[in-house]
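Source file: protein.pdb (PDB, C-alpha atoms)
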ATOM      1  CA  MET A   1       5.118 -20.661  23.008
ATOM      2  CA  THR A   2       5.369 -17.355  21.190
ATOM      3  CA  ARG A   3       4.147 -17.367  17.593
ATOM      4  CA  VAL A   4       5.159 -15.057  14.760
ATOM      5  CA  ARG A   5       3.687 -14.897  11.272
ATOM      6  CA  VAL A   6       6.353 -14.965   8.558
ATOM      7  CA  ASP A   7       6.840 -15.359   4.834
ATOM      8  CA  PHE A   8       9.090 -18.416   4.615
ATOM      9  CA  ASN A   9      10.376 -17.066   1.274
ATOM     10  CA  SER A  10      11.793 -13.953   3.000
ATOM     11  CA  VAL A  11      15.323 -15.190   3.684
ATOM     12  CA  ASP A  12      18.372 -12.970   4.249
ATOM     13  CA  ALA A  13      21.881 -13.528   2.887
ATOM     14  CA  THR A  14      22.825 -15.670   5.906
ATOM     15  CA  GLY A  15      19.861 -18.028   5.515
ATOM     16  CA  LEU A  16      17.727 -16.610   8.319
ATOM     17  CA  VAL A  17      14.004 -16.092   7.807
ATOM     18  CA  ARG A  18      13.113 -12.437   8.366
ATOM     19  CA  ALA A  19      10.179 -11.656  10.639
ATOM     20  CA  LEU A  20       8.536  -8.367  11.514
ATOM     21  CA  LEU A  21       8.478  -7.878  15.281
ATOM     22  CA  SER A  22       4.964  -6.466  14.967
ATOM     23  CA  ARG A  23       3.757  -9.891  13.786
ATOM     24  CA  ALA A  24       4.826 -11.680  16.969
ATOM     25  CA  ASP A  25       2.123 -12.332  19.548
ATOM     26  CA  ALA A  26       4.520 -11.418  22.398
ATOM     27  CA  PRO A  27       7.834  -9.554  22.743
ATOM     28  CA  ILE A  28      10.853 -11.571  21.574
ATOM     29  CA  ALA A  29      14.582 -11.486  22.317
ATOM     30  CA  ILE A  30      17.704 -13.124  20.896
ATOM     31  CA  GLY A  31      17.808 -16.789  21.891
ATOM     32  CA  ASP A  32      14.046 -17.136  22.309
ATOM     33  CA  ASP A  33      12.433 -20.278  20.914
ATOM     34  CA  LEU A  34       9.173 -19.701  19.079
ATOM     35  CA  THR A  35       6.884 -21.000  16.363
ATOM     36  CA  ALA A  36       7.067 -19.379  12.930
ATOM     37  CA  TYR A  37       3.970 -19.831  10.752
ATOM     38  CA  ASP A  38       2.593 -18.549   7.466
ATOM     39  CA  ALA A  39      -0.777 -17.823   5.895
ATOM     40  CA  GLU A  40      -0.708 -21.091   3.919
ATOM     41  CA  GLY A  41      -0.808 -23.290   7.034
ATOM     42  CA  SER A  42       2.863 -24.194   7.416
ATOM     43  CA  GLU A  43       4.743 -23.817  10.677
ATOM     44  CA  CYS A  44       8.182 -24.550  12.066
ATOM     45  CA  ASP A  45       9.995 -24.213  15.377
ATOM     46  CA  ALA A  46      12.617 -21.470  15.282
ATOM     47  CA  THR A  47      15.118 -19.571  17.410
ATOM     48  CA  VAL A  48      15.625 -15.804  17.298
ATOM     49  CA  ALA A  49      19.188 -15.399  15.992
ATOM     50  CA  THR A  50      19.269 -11.647  15.271
ATOM     51  CA  LEU A  51      17.204  -8.668  16.291
ATOM     52  CA  ASP A  52      17.159  -5.162  14.798
ATOM     53  CA  LEU A  53      14.935  -3.036  17.031
ATOM     54  CA  GLY A  54      15.560   0.067  14.905
ATOM     55  CA  VAL A  55      13.989  -1.574  11.859
ATOM     56  CA  GLY A  56      11.703  -3.938  13.764
ATOM     57  CA  ILE A  57      12.973  -7.165  12.185
ATOM     58  CA  ALA A  58      14.180 -10.446  13.665
ATOM     59  CA  GLY A  59      16.225 -13.123  11.930
ATOM     60  CA  LEU A  60      14.935 -16.608  12.714
ATOM     61  CA  LYS A  61      16.939 -19.829  12.479
ATOM     62  CA  LEU A  62      14.459 -22.562  11.571
ATOM     63  CA  ALA A  63      14.570 -26.050  13.037
ATOM     64  CA  THR A  64      13.680 -27.564   9.672
ATOM     65  CA  ALA A  65      13.142 -31.047  11.117
ATOM     66  CA  SER A  66      10.103 -29.625  12.932
ATOM     67  CA  TRP A  67       8.376 -28.441   9.713
ATOM     68  CA  ARG A  68       4.673 -29.242   9.663
ATOM     69  CA  GLU A  69       1.551 -28.442   7.692
ATOM     70  CA  THR A  70      -1.406 -27.387   9.824
ATOM     71  CA  GLY A  71      -3.869 -26.071   7.285
TER
END

I'd like the structure from this file rewritten - as structure tokens, please.
Amino acid sequence: MTRVRVDFNSVDATGLVRALLSRADAPIAIGDDLTAYDAEGSECDATVATLDLGVGIAGLKLATASWRETG
């Protein structure tokens, strides 16, 4: 599964976690399921809800029930 490093505190006005496309380990598209993770050892399953290729940012909808600590 694709992984993307995020800051879980970086949330837009609609509640989506913002992610830089450059931090994904593979190309992503709207509707893709992936794993979002942070530097503190937390991760969560997510779905790409929005994509702005001009700015290089995706909006991720987290599946909060999948939240886990790995580090």

Discussion item. Counting all atoms listed in the file, which residue out of A:Asp52, A:Thr47, A:Arg3, A:Trp67 sits closest to Leu16 (chain A)?
Written reply: A:Thr47

Worksheet item: Exactly which residues make up the result of the PyMOL selection byres ((chain A and resi 53) around 12) on this file, given as JSON, numbers by chain?
Response: {"A": [19, 20, 21, 22, 27, 28, 29, 30, 50, 51, 52, 54, 55, 56, 57, 58, 59]}

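With CA of Val17 (chain A) on one side and CA of Glu69 (chain A) on the other, the separation reads 17.5 Å.
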
Worksheet, complete the sentence: Here CA of Leu34 (chain A) and CA of Val6 (chain A) stand apart by 11.9 Å

Item to complete: Find the distance between CA of Asp45 (chain A) and CA of Arg5 (chain A) and write it in Å to one decimal.
Response: 12.0 Å

Output of the PyMOL selection byres ((chain A and resi 4) around 7), listed as a short mmCIF file (atom, residue, chain, number, x, y, z; two decimals) with C-alpha atoms, keeping the file's coordinate frame:
data_model
loop_
_atom_site.label_atom_id
_atom_site.label_comp_id
_atom_site.auth_asym_id
_atom_site.auth_seq_id
_atom_site.Cartn_x
_atom_site.Cartn_y
_atom_site.Cartn_z
CA THR A 2 5.37 -17.36 21.19
CA ARG A 3 4.15 -17.37 17.59
CA ARG A 5 3.69 -14.90 11.27
CA VAL A 6 6.35 -14.96 8.56
CA ARG A 23 3.76 -9.89 13.79
CA ALA A 24 4.83 -11.68 16.97
CA ASP A 25 2.12 -12.33 19.55
CA THR A 35 6.88 -21.00 16.36
CA ALA A 36 7.07 -19.38 12.93
CA TYR A 37 3.97 -19.83 10.75
#

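Using all atoms listed in the file, the residues found no farther than 9 Å from region 11-15 of chain A, other than those of its own chain fewer than 4 positions away, are Asp7, Gly59, Leu60 and Lys61 of chain A.
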
Listed atoms of region 38-56 of chain A, axis-aligned box, 6 Å per side: centre and edge lengths to one decimal in Å, as AutoDock Vina command-line options?
--center_x 9.2 --center_y -12.2 --center_z 10.7 --size_x 32.1 --size_y 36.6 --size_z 25.5

Discussion item. Under the rule that only C-alpha atoms are counted, which of A:Asp38, A:Thr70, A:Thr64, A:Asp32 is the nearest residue to Asn9 (chain A)?
Written reply: A:Asp38
